[in-house]
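J.: Before anything else, here's the structure in question.
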Amino acid sequence: QPLRRDAMAFTFNFLLCLGSDAYCPRTSISEPGTLVYRGMQVSISCKGISDAWKYLLYTQKFEHTQPQHTQTSTNCGEKAVFHISSVGKRDGGQYSCLYETTAGWSVHSDKLELVVTGFFDNKPSLSALPRPMVTSGESVTLKCFSQEKYDKFIVTKKGEQKHFMIMKSQKTYVGQFQALFSVGPMTPSSNGTFKCYGYYKANPQVWSEPSDHLVIYVSGEARRQTVWVDSQLLCKILISFNICDFIASETQVHTVENLIRMGMASLVFIILGILLFEAWHNQRQTHHAPGR
């Protein structure tokens, strides 16, 4: 998988935003994505103005530390491109850039966080409670867990790299470390593919290998109609037990699984009734047999 991803590249654009400064316009960042798998090639482009003759790229690990100069470009013009041939742990961080003209230096651009994933031996696991298939209006809890003592866990949704759910890990009584993410109420638009990562607070832009993908499916009104049809068919079997009215009234709150369980339980009662009737009938015949 890393070999296949090595050929991929992300480009991060730093776009100029003209401000009130006379000759030092501020820059802002447009980011097509923030997650990069280790070993990938990354191109970072800084866009300024046509009079710029030098660009500098800076990276910063933590808010309280000073940005560190990492690369310089002397390409004249409104754009400079910085390359990282193979991203690693040291490349995770918050990036910014600035440029120089004959009038002086611009201020730093806004920060762009670059997260590098694919590290550490123990990748976390992700599961959904009570189940990955829910009805619209219900909530679901995403459980991210691992044997590794990660400081925090992160859940991401495919197609939404900017919106992470982050929680501190908690140690369970069985020795695992986990975080529970409550999501809901769910709607059909909440469908999606989720995965989770773990990281240590000493290096928050370096994440673990992703968990296996978890697909969450949210059904709408169409599924409820199917449950109603199924309950009517079930009533034909259970009519002798006079519980059809109960099923009809409870249709909106019972799932297909519950109806199946009810049907199986009723069939067991029917079979037990037949067996008891046969035993009673055989005993009666034996009691009234001639000469007895």
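Letters A, B, ... go to the chains of the structure tokens in the order shown; residues in each chain start at 1; ligands are counted from 1 in the same order.
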Please report, as a tab-separated table, each residue of region 100-131 of chain A lying at most 10 Å from region 54-70 of chain A, together with the nearest pair of atoms and the separation in Å rounded to one decimal; use only C-alpha atoms, and order rows by chain and ascending residue number.
T.:
```
residue	atom	partner	partner_atom	distance
A:Glu100	CA	A:Lys54	CA	5.3
A:Thr101	CA	A:Lys54	CA	7.4
A:Trp105	CA	A:Lys54	CA	9.3
A:Ser106	CA	A:Tyr55	CA	9.7
A:His108	CA	A:Tyr58	CA	8.8
A:Ser109	CA	A:Tyr58	CA	9.8
A:Lys111	CA	A:Thr59	CA	8.8
A:Leu112	CA	A:Thr59	CA	9.2
A:Glu113	CA	A:Gln60	CA	9.1
A:Leu114	CA	A:Thr59	CA	9.5
```
J.: Which residues of region 164-191 of chain A come within 12 Å of region 211-219 of chain A, and what is each one's closest atom pair and distance in Å (one decimal), counting only C-alpha atoms, sorted by chain and residue number, as JSON lines?
T.:
```
{"residue": "A:Val183", "atom": "CA", "partner": "A:Ile216", "partner_atom": "CA", "distance": 10.9}
{"residue": "A:Gly184", "atom": "CA", "partner": "A:Val218", "partner_atom": "CA", "distance": 10.7}
{"residue": "A:Pro185", "atom": "CA", "partner": "A:Val218", "partner_atom": "CA", "distance": 10.4}
{"residue": "A:Met186", "atom": "CA", "partner": "A:Val218", "partner_atom": "CA", "distance": 6.8}
{"residue": "A:Thr187", "atom": "CA", "partner": "A:Val218", "partner_atom": "CA", "distance": 6.3}
{"residue": "A:Pro188", "atom": "CA", "partner": "A:Val218", "partner_atom": "CA", "distance": 5.1}
{"residue": "A:Ser189", "atom": "CA", "partner": "A:Val218", "partner_atom": "CA", "distance": 7.8}
{"residue": "A:Ser190", "atom": "CA", "partner": "A:Val218", "partner_atom": "CA", "distance": 6.8}
{"residue": "A:Asn191", "atom": "CA", "partner": "A:Tyr217", "partner_atom": "CA", "distance": 5.0}
```
J.: Keeping only C-alpha atoms, write the selected residues as a CSV table (one decimal), in the first residue's frame.
T.:
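So the final result, stored in part.csv, reads:
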```csv
chain,number,residue,atom,x,y,z
A,183,VAL,CA,-22.6,10.7,16.6
A,184,GLY,CA,-26.2,11.6,15.9
A,185,PRO,CA,-29.0,11.9,15.5
A,186,MET,CA,-28.3,10.3,12.2
A,187,THR,CA,-29.8,11.2,8.8
A,188,PRO,CA,-29.5,9.5,5.4
A,189,SER,CA,-26.8,12.0,4.6
A,190,SER,CA,-24.8,10.7,7.5
A,191,ASN,CA,-23.9,7.6,5.4
```
J.: If you count only C-alpha atoms, which residues fall within 12 Å of Ala179 (chain A), apart from same-chain ones fewer than 3 positions away, as a PyMOL selection string?
T.: chain A and resi 124-128+141-146+149-155+165-172+176+182+196-198
J.: Using the selection just defined, write its residues with N, CA and C atoms as a CSV table (one decimal), in the first residue's frame.
T.:
```
chain,number,residue,atom,x,y,z
A,124,PRO,N,-5.1,1.1,15.3
A,124,PRO,CA,-6.3,0.9,16.1
A,124,PRO,C,-7.4,0.2,15.3
A,125,SER,N,-8.5,-0.2,16.1
A,125,SER,CA,-9.7,-0.8,15.5
A,125,SER,C,-10.8,0.2,15.7
A,126,LEU,N,-11.8,0.0,14.8
A,126,LEU,CA,-13.0,0.9,14.8
A,126,LEU,C,-14.3,0.0,14.7
A,127,SER,N,-15.2,0.3,15.6
A,127,SER,CA,-16.5,-0.5,15.6
A,127,SER,C,-17.6,0.5,15.9
A,128,ALA,N,-18.8,0.1,15.6
A,128,ALA,CA,-20.0,0.9,15.8
A,128,ALA,C,-20.9,0.3,16.8
A,141,THR,N,-22.6,5.2,18.4
A,141,THR,CA,-21.3,5.4,19.1
A,141,THR,C,-20.2,4.7,18.3
A,142,LEU,N,-19.2,5.5,17.9
A,142,LEU,CA,-18.0,4.9,17.2
A,142,LEU,C,-16.9,4.7,18.3
A,143,LYS,N,-16.5,3.4,18.4
A,143,LYS,CA,-15.5,3.0,19.4
A,143,LYS,C,-14.2,2.8,18.7
A,144,CYS,N,-13.2,3.6,19.0
A,144,CYS,CA,-11.8,3.5,18.5
A,144,CYS,C,-11.0,2.9,19.6
A,145,PHE,N,-10.3,1.8,19.4
A,145,PHE,CA,-9.5,1.2,20.5
A,145,PHE,C,-8.3,0.5,20.0
A,146,SER,N,-7.3,0.3,20.9
A,146,SER,CA,-6.1,-0.3,20.6
A,146,SER,C,-5.4,-0.8,21.9
A,149,LYS,N,-0.9,2.5,23.9
A,149,LYS,CA,-1.3,3.6,24.8
A,149,LYS,C,-1.2,4.9,24.0
A,150,TYR,N,-2.0,5.1,23.0
A,150,TYR,CA,-2.1,6.4,22.4
A,150,TYR,C,-2.7,7.4,23.3
A,151,ASP,N,-2.2,8.7,23.2
A,151,ASP,CA,-2.7,9.7,24.0
A,151,ASP,C,-4.1,10.2,23.5
A,152,LYS,N,-4.3,10.2,22.2
A,152,LYS,CA,-5.6,10.6,21.6
A,152,LYS,C,-6.0,9.7,20.4
A,153,PHE,N,-7.3,9.6,20.2
A,153,PHE,CA,-7.8,9.0,19.0
A,153,PHE,C,-8.5,10.0,18.1
A,154,ILE,N,-8.5,9.7,16.8
A,154,ILE,CA,-9.1,10.6,15.9
A,154,ILE,C,-10.0,9.8,14.9
A,155,VAL,N,-11.2,10.2,14.7
A,155,VAL,CA,-12.1,9.6,13.7
A,155,VAL,C,-12.3,10.5,12.5
A,165,MET,N,-12.9,14.2,14.4
A,165,MET,CA,-13.4,14.1,15.8
A,165,MET,C,-12.2,13.6,16.6
A,166,ILE,N,-11.8,14.3,17.7
A,166,ILE,CA,-10.6,14.0,18.5
A,166,ILE,C,-11.0,13.8,19.9
A,167,MET,N,-10.6,12.7,20.6
A,167,MET,CA,-10.9,12.5,22.0
A,167,MET,C,-9.7,11.9,22.7
A,168,LYS,N,-9.5,12.2,24.0
A,168,LYS,CA,-8.5,11.5,24.7
A,168,LYS,C,-8.8,10.1,24.9
A,169,SER,N,-7.7,9.3,25.0
A,169,SER,CA,-7.9,7.8,25.2
A,169,SER,C,-8.2,7.5,26.6
A,170,GLN,N,-8.9,6.5,26.9
A,170,GLN,CA,-9.2,6.0,28.3
A,170,GLN,C,-8.8,4.6,28.4
A,171,LYS,N,-8.2,4.2,29.5
A,171,LYS,CA,-7.9,2.8,29.7
A,171,LYS,C,-9.1,2.0,30.2
A,172,THR,N,-9.3,0.9,29.7
A,172,THR,CA,-10.4,0.0,30.1
A,172,THR,C,-10.0,-1.0,31.1
A,176,GLN,N,-7.2,-2.3,27.5
A,176,GLN,CA,-7.2,-1.6,26.2
A,176,GLN,C,-7.3,-0.1,26.5
A,182,SER,N,-19.7,9.8,20.1
A,182,SER,CA,-21.1,9.8,19.9
A,182,SER,C,-21.5,10.6,18.7
A,196,CYS,N,-10.3,5.4,12.0
A,196,CYS,CA,-9.7,6.1,13.1
A,196,CYS,C,-8.2,5.9,13.2
A,197,TYR,N,-7.5,6.8,13.9
A,197,TYR,CA,-6.1,6.8,14.0
A,197,TYR,C,-5.8,7.1,15.5
A,198,GLY,N,-4.5,6.8,15.9
A,198,GLY,CA,-4.1,7.2,17.2
A,198,GLY,C,-2.8,8.0,17.1
```
J.: Hey, what's within 9 Å of Phe82 (chain A) if we count only C-alpha atoms and toss same-chain stuff fewer than 6 positions away? As a ChimeraX atom specification, please?
T.: /A:42-46,57,71-73
J.: Between CA of Met40 (chain A) and CA of Ile84 (chain A), what is the spacing in Å?
T.: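 Taking CA of Ile84 (chain A) as the start and CA of Met40 (chain A) as the end point, the length is 8.4 Å.
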J.: Could you check which of A:Leu275, A:Val140, A:Ile49, A:Val81 is closest to Tyr99 (chain A), using only C-alpha atoms?
T.: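 Result for the nearest residue to Tyr99 (chain A): A:Ile49.
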